[in-house]
>>> print(open('final_24.csv').read())   # CSV, C-alpha atoms
chain,number,residue,atom,x,y,z
N,1,MET,CA,190.0,-20.0,167.8
N,2,SER,CA,193.0,-18.5,166.1
N,3,VAL,CA,192.6,-17.5,162.4
N,4,GLU,CA,195.8,-19.4,161.7
N,5,LEU,CA,194.4,-22.8,162.5
N,6,PRO,CA,192.1,-23.0,159.4
N,7,LEU,CA,195.1,-21.9,157.2
N,8,TRP,CA,197.3,-24.7,158.6
N,9,ARG,CA,194.6,-27.3,158.0
N,10,ALA,CA,194.3,-26.0,154.5
N,11,ILE,CA,198.0,-26.4,153.8
N,12,THR,CA,197.8,-29.9,155.1
N,13,GLY,CA,195.1,-30.7,152.7
N,14,TYR,CA,196.9,-28.9,149.9
N,15,ARG,CA,200.1,-30.9,150.4
N,16,ILE,CA,198.2,-34.2,150.3
N,17,LEU,CA,196.0,-33.3,147.3
N,18,THR,CA,198.9,-31.8,145.2
N,19,LEU,CA,201.0,-34.9,146.0
N,20,GLY,CA,198.3,-37.0,144.5
N,21,TYR,CA,198.3,-34.7,141.4
N,22,ALA,CA,202.0,-34.9,141.0
N,23,LEU,CA,202.0,-38.7,141.3
N,24,CYS,CA,199.3,-38.9,138.6
N,25,LEU,CA,201.4,-36.7,136.2
N,26,PHE,CA,204.4,-38.8,136.9
N,27,ALA,CA,202.5,-42.1,136.2
N,28,LEU,CA,201.1,-40.7,132.9
N,29,SER,CA,204.6,-39.6,131.8
N,30,TYR,CA,206.7,-42.4,133.2
N,31,GLY,CA,207.9,-43.8,129.9
N,32,LYS,CA,208.9,-40.4,128.6
N,33,TYR,CA,211.5,-39.6,131.3
N,34,ALA,CA,215.2,-40.0,130.3
N,35,HIS,CA,215.8,-41.7,133.7
N,36,PRO,CA,212.4,-43.0,134.9
N,37,LEU,CA,213.9,-44.9,137.9
N,38,GLY,CA,215.5,-41.7,139.2
N,39,ALA,CA,212.3,-39.9,138.9
N,40,ALA,CA,210.4,-42.7,140.6
N,41,ALA,CA,213.0,-42.6,143.5
N,42,TYR,CA,212.3,-38.9,144.0
N,43,MET,CA,208.5,-39.4,143.8
N,44,GLY,CA,208.7,-42.2,146.4
N,45,ALA,CA,210.9,-39.9,148.6
N,46,ILE,CA,208.4,-37.0,148.7
N,47,THR,CA,205.5,-39.4,149.2
N,48,LEU,CA,207.2,-40.8,152.2
N,49,TRP,CA,208.2,-37.3,153.4
N,50,THR,CA,204.6,-36.1,153.1
N,51,ALA,CA,203.2,-39.2,154.9
N,52,LEU,CA,205.7,-38.8,157.8
N,53,THR,CA,205.3,-35.0,158.2
N,54,TRP,CA,201.6,-34.3,157.4
N,55,ARG,CA,201.0,-33.5,161.1
N,56,ARG,CA,203.7,-30.9,161.1
N,57,THR,CA,201.5,-28.5,159.2
N,58,THR,CA,198.4,-28.9,161.3
N,59,SER,CA,199.4,-26.2,163.9
N,60,PRO,CA,202.1,-23.5,164.2
N,61,GLU,CA,203.6,-25.2,167.3
N,62,ARG,CA,204.5,-28.3,165.2
N,63,CYS,CA,205.7,-26.5,162.1
N,64,SER,CA,209.3,-25.6,163.1
N,65,ARG,CA,211.8,-23.6,161.0
N,66,ARG,CA,213.9,-26.7,160.5
N,67,PHE,CA,210.9,-28.6,159.0
N,68,LEU,CA,210.1,-25.7,156.7
N,69,VAL,CA,213.7,-25.5,155.4
N,70,ALA,CA,213.7,-29.3,154.8
N,71,ASP,CA,210.3,-29.1,153.0
N,72,LEU,CA,211.6,-26.3,150.8
N,73,CYS,CA,214.8,-28.3,150.0
N,74,PHE,CA,212.6,-31.2,148.9
N,75,ALA,CA,210.6,-28.8,146.6
N,76,ALA,CA,213.6,-27.0,145.1
N,77,GLY,CA,215.7,-30.2,144.9
N,78,GLY,CA,212.9,-31.9,143.0
N,79,ILE,CA,212.6,-29.0,140.5
N,80,LEU,CA,216.4,-29.1,139.9
N,81,LEU,CA,216.4,-32.9,139.6
N,82,THR,CA,213.8,-32.6,136.8
N,83,SER,CA,216.5,-31.3,134.5
N,84,VAL,CA,218.6,-34.5,135.2
N,85,VAL,CA,215.9,-37.2,134.9
N,86,ASP,CA,213.8,-35.7,132.1
N,87,THR,CA,214.6,-35.1,128.5
N,88,HIS,CA,215.6,-31.7,127.2
N,89,ALA,CA,212.8,-31.7,124.7
N,90,ARG,CA,210.1,-32.2,127.3
N,91,ILE,CA,211.7,-29.5,129.6
N,92,MET,CA,211.7,-27.0,126.7
N,93,GLY,CA,208.2,-28.0,125.8
N,94,GLY,CA,206.9,-26.9,129.2
N,95,ALA,CA,206.5,-30.3,130.9
N,96,ALA,CA,205.7,-30.2,134.6
N,97,THR,CA,208.5,-30.5,137.1
N,98,LEU,CA,208.7,-33.6,139.4
N,99,PRO,CA,207.0,-31.9,142.4
N,100,SER,CA,204.7,-29.9,140.2
N,101,ILE,CA,202.4,-27.6,142.2
N,102,TRP,CA,203.3,-29.5,145.4
N,103,ALA,CA,206.3,-27.2,145.7
N,104,ALA,CA,204.0,-24.3,146.4
N,105,GLY,CA,203.0,-25.9,149.7
N,106,ALA,CA,206.5,-25.3,151.1
N,107,VAL,CA,206.3,-21.6,150.2
N,108,LEU,CA,202.8,-21.3,151.8
N,109,GLY,CA,204.1,-22.8,155.0
N,110,PHE,CA,206.8,-20.1,155.1
N,111,ALA,CA,204.1,-17.5,154.5
N,112,ILE,CA,201.8,-18.6,157.3
N,113,ARG,CA,204.7,-19.3,159.8
N,114,GLY,CA,206.8,-16.2,159.2
N,115,GLY,CA,204.7,-13.6,157.3
N,116,TRP,CA,205.3,-12.0,153.9
N,117,ARG,CA,209.1,-11.6,154.4
N,118,TRP,CA,209.6,-15.3,154.8
N,119,ALA,CA,207.2,-15.9,151.9
N,120,ALA,CA,209.2,-13.6,149.7
N,121,VAL,CA,212.5,-15.5,150.4
N,122,ALA,CA,211.0,-19.0,150.0
N,123,SER,CA,209.1,-18.1,146.8
N,124,SER,CA,212.3,-16.5,145.4
N,125,ILE,CA,214.2,-19.7,146.0
N,126,VAL,CA,211.6,-21.7,144.2
N,127,ALA,CA,211.5,-19.2,141.4
N,128,VAL,CA,215.3,-19.5,140.9
N,129,ALA,CA,215.1,-23.3,140.8
N,130,ASN,CA,212.3,-23.1,138.2
N,131,LEU,CA,214.3,-20.7,136.0
N,132,VAL,CA,217.5,-22.9,136.3
N,133,GLU,CA,215.5,-26.0,135.4
N,134,ARG,CA,213.9,-24.3,132.3
N,135,GLU,CA,217.2,-22.6,131.3
N,136,GLU,CA,215.3,-19.7,129.8
N,137,LEU,CA,212.7,-17.0,130.7
N,138,ALA,CA,209.8,-18.8,129.1
N,139,ARG,CA,206.4,-17.1,129.4
N,140,ASP,CA,204.7,-20.0,131.2
N,141,THR,CA,207.5,-20.4,133.7
N,142,VAL,CA,207.6,-16.6,134.5
N,143,HIS,CA,203.8,-16.7,134.8
N,144,ASN,CA,203.9,-19.5,137.4
N,145,VAL,CA,206.8,-18.0,139.3
N,146,VAL,CA,205.1,-14.6,139.6
N,147,LEU,CA,201.8,-16.2,140.6
N,148,VAL,CA,203.4,-18.2,143.4
N,149,TRP,CA,205.4,-15.2,144.6
N,150,VAL,CA,202.4,-12.8,144.7
N,151,ALA,CA,200.1,-15.4,146.3
N,152,SER,CA,202.5,-16.3,149.0
N,153,VAL,CA,203.5,-12.7,149.9
N,154,ALA,CA,199.8,-11.7,150.0
N,155,ILE,CA,198.9,-14.6,152.3
N,156,GLY,CA,201.9,-13.8,154.5
N,157,TYR,CA,200.7,-10.2,154.8
N,158,VAL,CA,197.2,-11.2,155.6
N,159,VAL,CA,198.4,-13.5,158.3
N,160,GLU,CA,200.5,-10.7,159.9
N,161,VAL,CA,197.5,-8.4,159.8
N,162,ALA,CA,195.3,-11.1,161.4
N,163,ARG,CA,197.8,-11.7,164.2
N,164,ALA,CA,198.0,-8.0,164.9
N,165,SER,CA,194.2,-7.9,165.1
N,166,GLU,CA,194.1,-10.9,167.4
N,167,ARG,CA,196.6,-9.2,169.7
N,168,THR,CA,194.6,-6.0,169.7
N,169,LEU,CA,191.4,-7.9,170.4
N,170,ALA,CA,193.0,-9.8,173.3
N,171,ARG,CA,194.3,-6.6,174.8
N,172,ALA,CA,190.9,-4.9,174.5
N,173,LEU,CA,189.2,-7.9,176.2
N,174,GLN,CA,191.7,-7.7,179.0
N,175,ILE,CA,191.2,-4.0,179.5
N,176,ASP,CA,187.4,-4.5,179.4
N,177,ALA,CA,187.6,-7.3,182.0
N,178,ALA,CA,189.9,-5.2,184.2
N,179,THR,CA,187.6,-2.2,183.9
N,180,ARG,CA,184.5,-4.2,184.8
N,181,GLU,CA,186.2,-5.6,187.9
N,182,ARG,CA,187.5,-2.2,188.9
N,183,GLU,CA,184.0,-0.7,188.6
N,184,ARG,CA,182.5,-3.6,190.6
N,185,LEU,CA,185.0,-3.0,193.4
N,186,ALA,CA,184.4,0.8,193.2
N,187,ARG,CA,180.7,0.2,193.5
N,188,ASP,CA,181.2,-1.9,196.7
N,189,ILE,CA,183.6,0.7,198.1
N,190,HIS,CA,181.2,3.6,197.3
N,191,ASP,CA,178.3,1.7,198.9
N,192,SER,CA,180.2,1.1,202.1
N,193,VAL,CA,183.5,2.7,202.9
N,194,LEU,CA,183.0,6.1,201.2
N,195,GLN,CA,179.6,6.5,202.6
N,196,VAL,CA,180.9,5.8,206.2
N,197,LEU,CA,183.7,8.3,205.7
N,198,ALA,CA,181.3,11.0,204.4
N,199,MET,CA,179.1,10.4,207.4
N,200,VAL,CA,182.0,10.6,209.8
N,201,GLN,CA,183.1,13.8,208.2
N,202,ARG,CA,179.7,15.5,208.5
N,203,ARG,CA,179.0,14.2,212.1
N,204,GLY,CA,182.5,15.2,213.2
N,205,ALA,CA,182.1,18.7,211.8
N,206,ALA,CA,178.7,19.0,213.5
N,207,ILE,CA,180.0,17.8,216.9
N,208,GLY,CA,183.1,19.9,216.9
N,209,GLY,CA,186.2,19.6,219.1
N,210,GLU,CA,188.4,16.5,218.6
N,211,ALA,CA,185.6,15.0,216.6
N,212,ALA,CA,186.0,17.8,214.0
N,213,GLU,CA,189.6,16.8,213.5
N,214,LEU,CA,188.6,13.2,213.1
N,215,GLY,CA,186.0,14.4,210.5
N,216,ARG,CA,188.6,16.4,208.7
N,217,MET,CA,190.9,13.3,208.5
N,218,ALA,CA,188.0,11.2,207.3
N,219,GLY,CA,187.3,13.8,204.6
N,220,GLU,CA,190.9,13.6,203.4
N,221,GLN,CA,190.8,9.9,203.2
N,222,GLU,CA,187.5,10.1,201.4
N,223,VAL,CA,189.1,12.3,198.7
N,224,ALA,CA,192.1,10.0,198.4
N,225,LEU,CA,189.9,6.9,198.1
N,226,ARG,CA,187.6,8.4,195.5
N,227,THR,CA,190.7,9.3,193.4
N,228,LEU,CA,191.8,5.7,193.7
N,229,VAL,CA,188.5,4.0,192.7
N,230,SER,CA,188.0,6.4,189.9
N,231,GLY,CA,190.8,4.7,188.0
N,232,GLY,CA,193.4,7.5,188.1
N,233,LEU,CA,191.1,10.4,187.2
N,234,VAL,CA,192.4,13.4,189.2
N,235,PRO,CA,189.5,15.2,190.9
N,236,ALA,CA,189.2,18.9,190.7
N,237,GLN,CA,191.1,20.7,193.5
N,238,ARG,CA,188.7,21.6,196.2
N,239,ALA,CA,188.7,22.1,199.9
N,240,VAL,CA,187.5,19.3,202.2
N,241,PRO,CA,184.0,20.3,203.3
N,242,GLN,CA,183.8,21.1,207.0
N,243,THR,CA,180.0,21.0,207.1
N,244,GLY,CA,177.3,18.6,206.1
N,245,ALA,CA,176.9,20.0,202.6
N,246,ALA,CA,176.6,17.2,200.1
N,247,THR,CA,178.0,17.1,196.6
N,248,ALA,CA,176.4,15.6,193.5
N,249,ASP,CA,176.3,12.0,194.7
N,250,ALA,CA,178.0,11.9,198.1
N,251,THR,CA,175.8,9.8,200.3
N,252,GLY,CA,175.4,8.9,203.9
N,253,ALA,CA,174.9,5.4,205.2
N,254,ARG,CA,172.2,3.5,203.4
N,255,ARG,CA,168.9,3.5,205.3
N,256,THR,CA,167.9,-0.1,204.6
N,257,ALA,CA,169.9,-2.8,202.8
N,258,PRO,CA,167.9,-5.1,200.6
N,259,PRO,CA,167.4,-8.6,201.9
N,260,ALA,CA,169.6,-11.4,200.7
N,261,ALA,CA,168.5,-12.7,197.3
N,262,PRO,CA,168.1,-16.4,196.5
N,263,ALA,CA,170.5,-18.4,194.5
N,264,ALA,CA,171.8,-16.6,191.4
N,265,GLY,CA,169.9,-18.8,188.9
N,266,ASP,CA,166.5,-18.6,190.6
N,267,PRO,CA,163.8,-16.1,189.8
N,268,CYS,CA,163.3,-13.3,192.3
N,269,ASP,CA,160.5,-10.9,192.9
N,270,VAL,CA,161.9,-7.3,192.5
N,271,GLN,CA,159.1,-5.9,194.6
N,272,ALA,CA,160.0,-8.1,197.5
N,273,LEU,CA,163.6,-6.7,197.4
N,274,LEU,CA,162.3,-3.2,197.2
N,275,ALA,CA,159.8,-3.5,200.0
N,276,PRO,CA,162.3,-2.7,202.9
N,277,TYR,CA,162.8,0.7,201.3
N,278,ALA,CA,159.2,1.7,201.7
N,279,GLY,CA,158.5,3.9,204.8
N,280,ALA,CA,157.1,7.2,206.0
N,281,GLY,CA,158.9,9.1,203.3
N,282,VAL,CA,159.0,6.5,200.5
N,283,THR,CA,156.0,5.1,198.7
N,284,LEU,CA,156.3,1.8,196.8
N,285,SER,CA,153.9,1.1,194.0
N,286,GLY,CA,153.7,-1.8,191.5
N,287,PRO,CA,151.6,-4.6,190.0
N,288,GLY,CA,149.6,-6.9,192.1
N,289,THR,CA,151.6,-9.9,190.9
N,290,ALA,CA,155.3,-10.7,191.3
N,291,VAL,CA,157.7,-8.9,189.0
N,292,GLU,CA,160.5,-11.5,188.5
N,293,LEU,CA,164.1,-11.2,187.3
N,294,PRO,CA,167.1,-13.5,187.8
N,295,ALA,CA,168.2,-13.2,191.4
N,296,ALA,CA,171.5,-11.6,190.6
N,297,ALA,CA,170.0,-9.0,188.3
N,298,ALA,CA,167.2,-8.3,190.8
N,299,ALA,CA,169.8,-7.7,193.6
N,300,GLU,CA,171.8,-5.3,191.4
N,301,LEU,CA,168.6,-3.4,190.5
N,302,ALA,CA,167.6,-3.2,194.1
N,303,ALA,CA,171.1,-1.9,195.0
N,304,ALA,CA,170.8,0.8,192.3
N,305,VAL,CA,167.4,1.8,193.7
N,306,GLY,CA,169.0,2.1,197.1
N,307,ALA,CA,171.7,4.3,195.8
N,308,ALA,CA,169.1,6.5,194.1
N,309,LEU,CA,167.2,6.8,197.5
N,310,ASP,CA,170.5,7.6,199.3
N,311,ASN,CA,170.9,10.6,196.9
N,312,VAL,CA,167.3,11.7,197.6
N,313,ARG,CA,167.9,11.6,201.3
N,314,VAL,CA,171.2,13.5,201.2
N,315,HIS,CA,170.5,16.1,198.5
N,316,ALA,CA,166.7,16.6,198.8
N,317,GLY,CA,166.8,16.6,202.6
N,318,ALA,CA,165.3,14.5,205.3
N,319,ASP,CA,161.8,15.9,204.7
N,320,ALA,CA,161.7,15.1,201.0
N,321,ARG,CA,159.4,12.4,199.8
N,322,ALA,CA,160.2,9.7,197.2
N,323,TRP,CA,158.1,7.4,195.1
N,324,ILE,CA,159.1,4.1,193.7
N,325,LEU,CA,157.1,2.7,190.8
N,326,VAL,CA,157.7,-0.8,189.5
N,327,GLU,CA,156.5,-1.6,185.9
N,328,ASP,CA,156.5,-5.1,184.4
N,329,GLU,CA,156.9,-4.7,180.7
N,330,PRO,CA,156.9,-7.7,178.3
N,331,ASP,CA,160.6,-7.6,177.7
N,332,ALA,CA,161.9,-5.5,180.6
N,333,VAL,CA,161.4,-4.4,184.2
N,334,ILE,CA,161.3,-0.6,184.7
N,335,VAL,CA,161.7,1.0,188.2
N,336,THR,CA,161.2,4.7,188.5
N,337,VAL,CA,162.4,6.6,191.5
N,338,ARG,CA,161.0,10.2,191.8
N,339,ASP,CA,161.4,12.8,194.5
N,340,ASP,CA,160.0,16.2,195.3
N,341,GLY,CA,163.4,17.7,196.1
N,342,PRO,CA,165.2,20.8,194.5
N,343,GLY,CA,166.3,18.8,191.4
N,344,ILE,CA,169.7,18.6,189.8
N,345,SER,CA,171.3,21.5,187.9
N,346,GLU,CA,172.4,20.8,184.3
N,347,GLY,CA,175.9,19.3,184.1
N,348,ARG,CA,176.1,18.5,187.9
N,349,LEU,CA,176.3,14.7,187.4
N,350,ALA,CA,179.2,15.1,184.9
N,351,ASP,CA,181.0,17.5,187.3
N,352,ALA,CA,180.6,15.0,190.2
N,353,GLU,CA,182.1,12.2,188.1
N,354,ARG,CA,185.1,14.3,187.2
N,355,GLU,CA,185.6,15.1,190.8
N,356,GLY,CA,185.8,11.4,191.6
N,357,ARG,CA,182.3,11.0,193.1
N,358,LEU,CA,181.1,7.9,191.3
N,359,GLY,CA,177.9,7.0,193.1
N,360,VAL,CA,175.8,7.8,190.0
N,361,ALA,CA,178.4,6.6,187.5
N,362,LEU,CA,179.1,3.3,189.3
N,363,SER,CA,176.4,2.4,191.9
N,364,ILE,CA,173.6,3.2,189.4
N,365,ARG,CA,174.8,3.5,185.8
N,366,GLY,CA,177.5,0.9,186.2
N,367,ARG,CA,175.1,-1.7,187.6
N,368,LEU,CA,172.5,-1.1,184.9
N,369,ARG,CA,175.1,-1.1,182.2
N,370,ASP,CA,176.5,-4.5,183.4
N,371,LEU,CA,172.9,-5.9,183.2
N,372,GLY,CA,172.5,-4.6,179.6
N,373,GLY,CA,170.0,-2.0,180.8
N,374,SER,CA,169.9,1.7,181.0
N,375,ALA,CA,169.6,4.5,183.6
N,376,GLU,CA,168.1,7.9,182.6
N,377,TRP,CA,167.7,11.1,184.7
N,378,VAL,CA,165.0,13.7,184.2
N,379,SER,CA,165.4,16.7,186.5
N,380,VAL,CA,164.2,20.3,186.5
N,381,PRO,CA,165.6,22.6,189.1
N,382,GLY,CA,162.9,23.2,191.7
N,383,GLN,CA,160.7,20.4,190.5
N,384,GLY,CA,162.5,17.2,191.8
N,385,THR,CA,164.3,14.4,190.0
N,386,GLU,CA,163.1,11.3,188.3
N,387,VAL,CA,165.4,8.3,187.7
N,388,GLU,CA,164.3,5.5,185.3
N,389,LEU,CA,166.1,2.2,185.7
N,390,LYS,CA,165.4,-0.3,183.0
N,391,VAL,CA,166.6,-4.0,183.1
N,392,PRO,CA,165.9,-6.5,180.3
N,393,LYS,CA,164.3,-9.7,181.4
N,394,GLY,CA,166.8,-12.6,181.5
N,395,ALA,CA,169.7,-10.1,182.2
N,396,ALA,CA,172.6,-11.2,184.4
N,397,PRO,CA,175.6,-9.2,185.7
N,398,GLY,CA,178.5,-9.3,183.3
N,399,GLY,CA,176.3,-10.5,180.4
N,400,GLY,CA,178.1,-8.2,178.0
N,401,ARG,CA,175.1,-6.3,176.8
N,402,ARG,CA,175.5,-2.6,176.7
N,403,GLY,CA,172.8,-0.2,177.8
N,404,LYS,CA,172.4,3.5,176.9
N,405,ALA,CA,173.2,4.7,180.4
>>> encode(input="final_24.csv", output="C-alpha cells")
Amino acid sequence: MSVELPLWRAITGYRILTLGYALCLFALSYGKYAHPLGAAAYMGAITLWTALTWRRTTSPERCSRRFLVADLCFAAGGILLTSVVDTHARIMGGAATLPSIWAAGAVLGFAIRGGWRWAAVASSIVAVANLVEREELARDTVHNVVLVWVASVAIGYVVEVARASERTLARALQIDAATRERERLARDIHDSVLQVLAMVQRRGAAIGGEAAELGRMAGEQEVALRTLVSGGLVPAQRAVPQTGAATADATGARRTAPPAAPAAGDPCDVQALLAPYAGAGVTLSGPGTAVELPAAAAAELAAAVGAALDNVRVHAGADARAWILVEDEPDAVIVTVRDDGPGISEGRLADAEREGRLGVALSIRGRLRDLGGSAEWVSVPGQGTEVELKVPKGAAPGGGRRGKA
C-alpha cells in the first residue's frame, strides 16, 4: 500500500472535523457579525462543498488540480470575506476567520498532491489572504501563517521523499525478481545444455578428425553461452580447451537424474530422491526414518547434490569415491557430500565464477540460497572436498529467505 493513502484519508478526516469546528465558532458568534446572513451563506456554501467533494481527497487519482484550485479559492475567499461580514473591532481583536483552520486542509492537499513547491505556493496565498484580512502584521496572525507554511512545506517534502523511496523499492524488487529468474534459467541451462556441450568438446577432442572440429565448435558455443547466462560478466580470455581437462565446475552429463518429486505442497523423503545416486563409487548414509521436506525444496536439494557429484566425477576422476550423509536436524536438513579427490585450491571457485562457469554459483549455491539455506565448502588440496548443504525445514523455492552461501 502506498504511503500516500493514509495521508489522503487523514486530510479527508481533517476537512470534516475542521468544518465542524468552524461551524461551532460561527454559531457561537452569529450575533456578533456585522452581516450574519452573509456569513451564514458562506458557511452553508463550504458545508455543501465539503459534503459534495469529500471523496475527492480519499486518493490521488480523484484529487485533481482543478479541485485543489477550487478548494483553495473557497479557503482564501472565505478569509477575505471575513473582513466584509465581520466587524472591524472583532477582526482587530483576533477573531477567527470564517473558514478558520478548515483553510489549512486546502494547503495540505497541495502538499500531498504536488510536493513542497505546491505547498509553498498554496500556503503563501493563504498567508496573503490572512494578512489582507487582518490589515496589519499582528503577532498571532504571523504565528499562524508561519505555522501553516512550515507544516505544509515539511509534509510536501516528506511526501516527495516517500515517493522516491517507493520508486527505489519497486525498482529493487524488479531487479531482484529478474535476477532470480535469470539464475533459475542459468541453472537449468548449466544442468543440461552446457554439460552436453562440454561433453561433446571432450569426446570430440579425444576422437579426433572431423569430430575434433565439432568439439572445437561446441567449446566455442559453450563459452558464448556461459557468458550469456552469467548476466553480462565477461569471462577471462582463455583458449578453448582441446582436451578433456576440466575447469572449476565444468561438468559432464549427470550420471543419474533424481526421480520426479510429488506435488509441490506434499512432503517428500529426501533420502528417496538421493537413492539413485548411490552406486559403486557413491555411498549414501542417513537415518533409518524418512527425512522429509516440501517436495519442491527436496527436489532442489537433490539437484544440488547431483551437481556436487558431477563435480566429483569430473574433477576427482572416475576412480574417486564419494560419500553422501543425510542428517535430520530439528530445524533443518543437512546433506554432506565428501570425496577423496585432490581437493580444490584456494580461490578456484571464485575464479571459475568470474570465468562464467556457474555450476557452483548457480546449480548449488543459487538453489540453496533460494531455499533460505546455505552451501559451504571445506577443501584441503590433496585431502578431498566436503560440501555441506543445509536447508531449513518448511523451505520453498523463492521463499525470500537468504542463506549464507
>>> atom_distance(input="final_24.csv", atom1="atom CA of N:Arg182", atom2="atom CA of N:Gly219")
22.4 Å
>>> atom_distance(input="final_24.csv", atom1="atom CA of N:Lys32", atom2="atom CA of N:His88")
11.1 Å
>>> closest_atom_pairs(input="final_24.csv", of="stretch 150-180 of chain N", to="stretch 367-381 of chain N", cutoff="12 Å", atoms="only C-alpha atoms", output="Markdown table")
| residue | atom | partner | partner_atom | distance |
| --- | --- | --- | --- | --- |
| N:Asp176 | CA | N:Asp370 | CA | 11.6 |
| N:Ala177 | CA | N:Asp370 | CA | 11.5 |
| N:Thr179 | CA | N:Asp370 | CA | 11.3 |
| N:Arg180 | CA | N:Asp370 | CA | 8.1 |
>>> closest_residue(input="final_24.csv", among="N:Ala41, N:Gly343, N:Ile364, N:Arg203", to="N:Ala307", atoms="all atoms listed in the file")
N:Ile364
>>> closest_residue(input="final_24.csv", among="N:Ala172, N:Leu197, N:Val148, N:Ala280", to="N:Gly105", atoms="all atoms listed in the file")
N:Val148
>>> residues_around(input="final_24.csv", residues="N:Leu19", least_positions_apart="6", cutoff="10 Å", atoms="only C-alpha atoms", output="JSON, numbers by chain")
{"N": [13, 25, 43, 46, 47, 50, 99, 100, 101, 102, 103, 105]}
>>> atom_distance(input="final_24.csv", atom1="atom CA of N:Val387", atom2="atom CA of N:Ala302")
13.3 Å
>>> residues_near_point(input="final_24.csv", point="(158.7, 18.6, 196.9)", cutoff="7 Å", atoms="all atoms listed in the file", output="list in words")
Ala320, Arg321, Asp339, Asp340, Gly341, Gln383 and Gly384 of chain N
>>> closest_residue(input="final_24.csv", among="N:Glu4, N:Ile16, N:Val337, N:Val391", to="N:Ala162", atoms="all atoms listed in the file")
N:Glu4
>>> closest_residue(input="final_24.csv", among="N:Val3, N:Leu28, N:Val200, N:Val159", to="N:Ala96", atoms="only C-alpha atoms")
N:Leu28
